[in-house]
Amino acid sequence: MPTGVLIVDDNASFLEVARGLLEREGMGVVDVASTTTEALRRVDELRPDVVLVDIMLGRESGFELARRLVRQDGAGPSVILISTHAEADFADLIAESPAIAFLPKSELSADAIRRILEDRSH
Amino acid sequence: MPARVEKREHGSTVGVGDVWMLLTAQWSSPASKRTGSQRTLRLFLGMARRRSGRSRGSPHEDAAAAGAIRNRDSIARRVVIATLALALVVGAVFATLLRSIEDARSAERSARHSQDVLIAANGLELRVLDLETGQRGFILTRQMQFLVPWQQARATLPQEELALLKLVAGDPTQEARVREIVAATRSYIDDYSMPLVHAAERNDPSVKTVAVTAEGEARVNAIRADFARLLDAERRTSAATARASADAAHRAYAAVVVGIGASIALLALYAAYLTRAIVRPIRRVATLTGRLAGGDLAARLPETGVGEIGALQRAFNVMGASLELSRDELAALADEQAGLRRVATLVAQGASPDDLLAAVASEIGQLLPADYAIIGRYDANGTEFTAVGNWSREGDSAGFPTTLAVGGRNVTALVWQTRRTARIDPDETASGPVAAYHRALGVRSTVGVPINVEGHLWGIVIAASTRDESMPEDTETRLGRFTELVSTAIANAEAQAALTASRARIIVTADEARRRFERDLHDGAQQRFVTVALRVRAAQAAVPPDLPELAYELDHAADELTRGIDELRHFAQGIHPAILAEGGLRPALRKLARASTVPVDLDVRANGRLPERVEVAAYYVVSEALTNAAKHGQASSVTVRVETAGDVLRVGVHDDGVGGARFGRGSGLVGLKDRVEALGGEITLQSEPAAGTSLSIELPLTDDAGASQDGP
């Protein structure tokens with residue numbers, strides 16, 4: 001099942017490494033974005049299945065972007081929040097957000113994303 | 001008449017007639033017709049004054065104290081005059097009496113003299129009769145015995161004649177009569193009796209003739225007629241003298257009666273005058289002095305008295321007025337001191353400048369005869385001034401404009417230009433927006449005093465009056481006493497505000513630095529390490545199967561890197577909780593609650609985001625309280641309540657631990673106290689032993705403390 005992934009992060013270096021890592025592990029990365037505006041445009045254009053959103057988007061908030069990406073009717077992409085912080089640091093905010101999961105950046109891998117998606121589909 | 005008496009200088013210039021005028025003037029009219037008698041009195045005094053040759057004192061002397069007594073008005077002088085008058089009357093009575101007594105004595109002497117004359121004349125007449133009867137007996141009988149009385153009479157006659165002559169000496173008529181009698185008697189003896197007796201001795205028959213006898217009888221009758229005239233005249237004189245004596249006695253009696261009556265009347269008038277002019281006024285002075293001593297300082301005497309009494313009344317009134325003035329001045333001073341003390345108390349209590357300036361305006365307005373009191377603050381270049389404290393006698397200061405332009409000619413402009421006090425009196429023209437505004441209020445006069453703070457002109461205190469007269473001269477001085485306090489208070493408040501702002505800045509700056517450090521750590525090192533970790537994993541995936549050692553090393557490196565990243569993350573969280581910036585107080589506190597080893601009942605009633613410094617302070621308060629509850633309090637549960645109330649945030653943390661917590665003792669509570677107070681908040685700690693610990697704080701949500709307005 002080919003999965004289209006959009007990575008949103010304000011750190012170009014991370015975007016490059018993450019893209020390379022996921023693609024090498026066989027996951028299709030449709031594009032990367034570094035701002036909210038850019039991310040929304042890419043999602044509209046490319047219709048990714050999954051959007052990885054960094055919680056700390058520079059001056060912008062990843063939680064806010066997650067809220068805007070996930071539509072009320074559920075037609076939007078699945079949002080997975082990523083951060084260098086631990087999940088416990090933002091526990092309440094993550095729980096309140098429409099994101100389907102939180103993934104620490106250091107544990108990022110195609111397998112981890114697939115597991116999250118599989119857990120959700122079951 | 002004046003010309004005559006004016007010559008008498010320095011003497012008693014008031015005559016008896018004047019005294020009488022004075023006395024009649026005083027009592028000739030009833031008290032109700034006082035004006036008439038006073039006019040007379042003035043006439044009298046004026047007369048006395050005119051008669052006095054003395055020149056008036058210099059103006060300086062005239063302006064002497066109210067107690068000065070003009071000599072001519074002095075009661076002592078009048079008393080002396082009245083006493084002299086009394087002495088004159090009594091003297092006149094005694095003089096009259098003496099004269100009458102003298103008259104009576106003289107009449108008595110005169111009567112005795114007349115009696116002597118009568119006796120002597122009668123004796124002489126008897127001698128003549130003796131002559132005649134002796135001579136007739138001898139002629140008829142020729143017996144010598146009859147000649148004895150004749151001879152005796154002849155012998156004594158000259159002596160008795162001389163005695164009578166002596167007695168009537170000084171009365172020519174009577175003397176003439178006596179000389180006539182003496183002459184007739186001599187003639188009778190020499191020309192008739194002697195020849196007749198000699199003839200009889202000779203027995204001359206002619207002696208018995210009718211003719212001779214008739215001649216003798218005629219002669220004796222003539223002499224007796226002379227005696228009759230003499231005696232008659234003497235009796236008349238005696239009767240007249242007796243009448244004169246009776247008259248004199250009568251006069252003396254009348255003089256005594258009139259004199260005693262006049263003396264009694266004079267004494268009565270004198271006593272009445274003393275009562276009226278001295279006793280009654282003095283009694284009145286005594287009564288009013290009692291009232292004065294009792295505190296009724298408004299007691300005054302009518303200044304109607306003369307001389308010493310008038311001086312006493314004037315001095316009493318001056319004393320009363322000066323006492324009243326002193327009391328009023330003292331009361332005003334006490335009021336001012338009380339006002340200053342109230343203001344000083346406010347200053348010492350560190351009251352807010354707004355409260356203080358309002359209080360000062362009110363105190364000034366009530367102490368001065370002002371209708372408005374305004375405290376204004378100049379802007380930096382003196383183009384505008386803003387009213388920061390207002391008071392009006394009508395109590396409607398709400399309508400004051402907050403800011404007016406300073407231009408024109410008015411106290412705000414003058415004070416700004418001169419840096420000194422300024423005043424606009426009712427007759428002066430003022431201009432500019434402030435003057436126009438004052439005119440609209442009906443203000444006629446204004447006084448402005450500068451408020452200098454730390455060497456620069458900060459503002460102005462204005463007292464304004466709608467009255468027609470100028471503000472009192474001491475207004476500037478009295479305002480000045482308040483402005484000194486205001487200056488101190490404003491300097492204090494500014495220093496306090498600056499200090500508070502500075503403390504808040506330090507806290508906020510430190511917080512910002514920590515947040516930035518955390519952010520930099522996240523965006524920099526952490527991010528980079530994560531990226532490296534991912535690259536290592538990518539490299540791991542690319543390791544050929546024949547290089548298991550490399551795979552092992554890379555695996556290790558990745559694990560170490562992950563642990564390092566975790567440690568760095570913990571470290572960064574300790575510097576500043578990222579969730580606070582990201583999600584605000586509620587999720588940050590819930591994270592704290594979850595992390596706490598003691599169960600926490602958390603209730604946050606604060607919607608939306610709060611100022612960052614407030615969120616940070618509240619977060620640290622709860623964090624520290626939770627740490628203490630777990631670490632020192634041995635609590636089994638903690639309640640945390642957070643709510644916004646108006647423009648403050650309230651945070652309360654209560655645990656059921658052992659209590660006994662104190663600020664100080666090296667606890668983190670001191671840091672919390674500093675932080676909360678720096679932000680203009682309040683912190684209270686209740687931690688009785690065995691009664692748990694309650695920590696409550698209130699933090700202002702506004703920027704009053706100047707945490708951001710005077711930011712770096």
# chains A, B, ... in the order shown; residues from 1 in each chain; ligands from 1
>>> residues_around(residues="segment 483-491 of chain B", least_positions_apart="4", cutoff="8 Å", atoms="only C-alpha atoms", output="list in words")
Val343, Ala344, Val347, Gly350, Pro353, Leu356, Leu357, Val360, Val449, Pro450, Ile451, Asn452, Val453, Glu454, Val461, Leu479 and Ala495 of chain B
>>> residues_around(residues="Leu52 of chain A", least_positions_apart="2", cutoff="9 Å", atoms="only C-alpha atoms", output="ChimeraX atom specification")
/A:5-9,50,54,78-82,103
>>> closest_atom_pairs(of="chain B", to="chain A", cutoff="6 Å", atoms="only C-alpha atoms", output="JSON lines")
{"residue": "B:Val530", "atom": "CA", "partner": "A:Ser106", "partner_atom": "CA", "distance": 5.3}
{"residue": "B:Thr531", "atom": "CA", "partner": "A:Phe14", "partner_atom": "CA", "distance": 5.4}
{"residue": "B:Ala538", "atom": "CA", "partner": "A:Leu21", "partner_atom": "CA", "distance": 5.9}
{"residue": "B:Ile579", "atom": "CA", "partner": "A:Phe90", "partner_atom": "CA", "distance": 6.0}
{"residue": "B:Pro587", "atom": "CA", "partner": "A:Asp92", "partner_atom": "CA", "distance": 5.7}
>>> select_by_dssp(residues="chain A", states="strand (DSSP E or B)", output="PyMOL selection string")
chain A and resi 4-8+28-33+50-54+56-57+60-61+78-83+101-104
>>> residues_around(residues="segment 677-679 of chain B", least_positions_apart="6", cutoff="10 Å", atoms="only C-alpha atoms", output="PyMOL selection string")
chain B and resi 499-508+613-614+617+671+697-707
>>> write_last_selection(atoms="C-alpha atoms", output="PDB file, in the first residue's frame")
ATOM      1  CA  LEU B 499      12.289  49.854  41.400  1.00  0.00           C
ATOM      2  CA  THR B 500       9.249  47.659  40.879  1.00  0.00           C
ATOM      3  CA  ALA B 501       9.589  48.013  37.120  1.00  0.00           C
ATOM      4  CA  SER B 502      13.242  47.228  37.410  1.00  0.00           C
ATOM      5  CA  ARG B 503      12.576  44.103  39.492  1.00  0.00           C
ATOM      6  CA  ALA B 504       9.853  43.047  37.073  1.00  0.00           C
ATOM      7  CA  ARG B 505      12.177  43.687  34.165  1.00  0.00           C
ATOM      8  CA  ILE B 506      14.836  41.536  35.745  1.00  0.00           C
ATOM      9  CA  ILE B 507      12.362  38.697  36.254  1.00  0.00           C
ATOM     10  CA  VAL B 508      10.823  39.039  32.823  1.00  0.00           C
ATOM     11  CA  ARG B 613       5.049  36.801  32.993  1.00  0.00           C
ATOM     12  CA  VAL B 614       1.851  35.924  34.872  1.00  0.00           C
ATOM     13  CA  ALA B 617       4.977  33.124  37.759  1.00  0.00           C
ATOM     14  CA  GLY B 671      12.288  33.267  45.177  1.00  0.00           C
ATOM     15  CA  ILE B 697      -0.922  34.596  45.382  1.00  0.00           C
ATOM     16  CA  GLU B 698      -2.604  37.383  43.496  1.00  0.00           C
ATOM     17  CA  LEU B 699      -1.011  38.667  40.343  1.00  0.00           C
ATOM     18  CA  PRO B 700      -2.194  41.746  38.439  1.00  0.00           C
ATOM     19  CA  LEU B 701      -3.089  40.941  34.846  1.00  0.00           C
ATOM     20  CA  THR B 702      -2.595  44.570  33.801  1.00  0.00           C
ATOM     21  CA  ASP B 703       0.717  46.264  33.210  1.00  0.00           C
ATOM     22  CA  ASP B 704       0.443  48.573  36.253  1.00  0.00           C
ATOM     23  CA  ALA B 705       3.735  47.504  37.663  1.00  0.00           C
ATOM     24  CA  GLY B 706       5.431  48.834  34.553  1.00  0.00           C
ATOM     25  CA  ALA B 707       6.836  45.452  33.691  1.00  0.00           C
TER      26      ALA B 707
END
>>> residues_around(residues="Pro98 of chain A", least_positions_apart="2", cutoff="8 Å", atoms="only C-alpha atoms", output="PDB file with C-alpha atoms, in the first residue's frame")
ATOM      1  CA  ALA A  66      -3.185  20.032  12.722  1.00  0.00           C
ATOM      2  CA  ARG A  67      -6.559  21.567  13.548  1.00  0.00           C
ATOM      3  CA  VAL A  70      -8.155  17.749   9.736  1.00  0.00           C
ATOM      4  CA  VAL A  79      -1.935  13.984  11.005  1.00  0.00           C
ATOM      5  CA  ALA A  95      -4.702  14.517  23.418  1.00  0.00           C
ATOM      6  CA  GLU A  96      -6.807  17.563  22.581  1.00  0.00           C
ATOM      7  CA  ILE A 100      -3.918  10.454  15.311  1.00  0.00           C
TER       8      ILE A 100
END
>>> select_by_dssp(residues="segment 24-89 of chain A", states="alpha helix (DSSP H)", output="number ranges by chain")
A: 24, 36-46, 62-69
>>> residues_around(residues="Thr466 of chain B", least_positions_apart="5", cutoff="8 Å", atoms="only C-alpha atoms", output="list in words")
Ala370, Asp371, Leu441, Gly442, Val443, Arg444 and Ser445 of chain B
>>> residues_around(residues="segment 242-255 of chain B", least_positions_apart="2", cutoff="9 Å", atoms="only C-alpha atoms", output="PyMOL selection string")
chain B and resi 92-94+96-108+110-111+237-240+257-260
>>> residues_around(residues="Gln526 of chain B", least_positions_apart="6", cutoff="8 Å", atoms="only C-alpha atoms", output="list in words")
Thr84 of chain A; Ile565, Leu568 and Arg569 of chain B
>>> write_last_selection(atoms="C-alpha atoms", output="PDB file, in the first residue's frame")
ATOM      1  CA  THR A  84      12.168  16.540  19.567  1.00  0.00           C
TER       2      THR A  84
ATOM      3  CA  ILE B 565      18.858  13.670  23.241  1.00  0.00           C
ATOM      4  CA  LEU B 568      19.164  17.306  26.722  1.00  0.00           C
ATOM      5  CA  ARG B 569      15.383  17.397  26.519  1.00  0.00           C
TER       6      ARG B 569
END
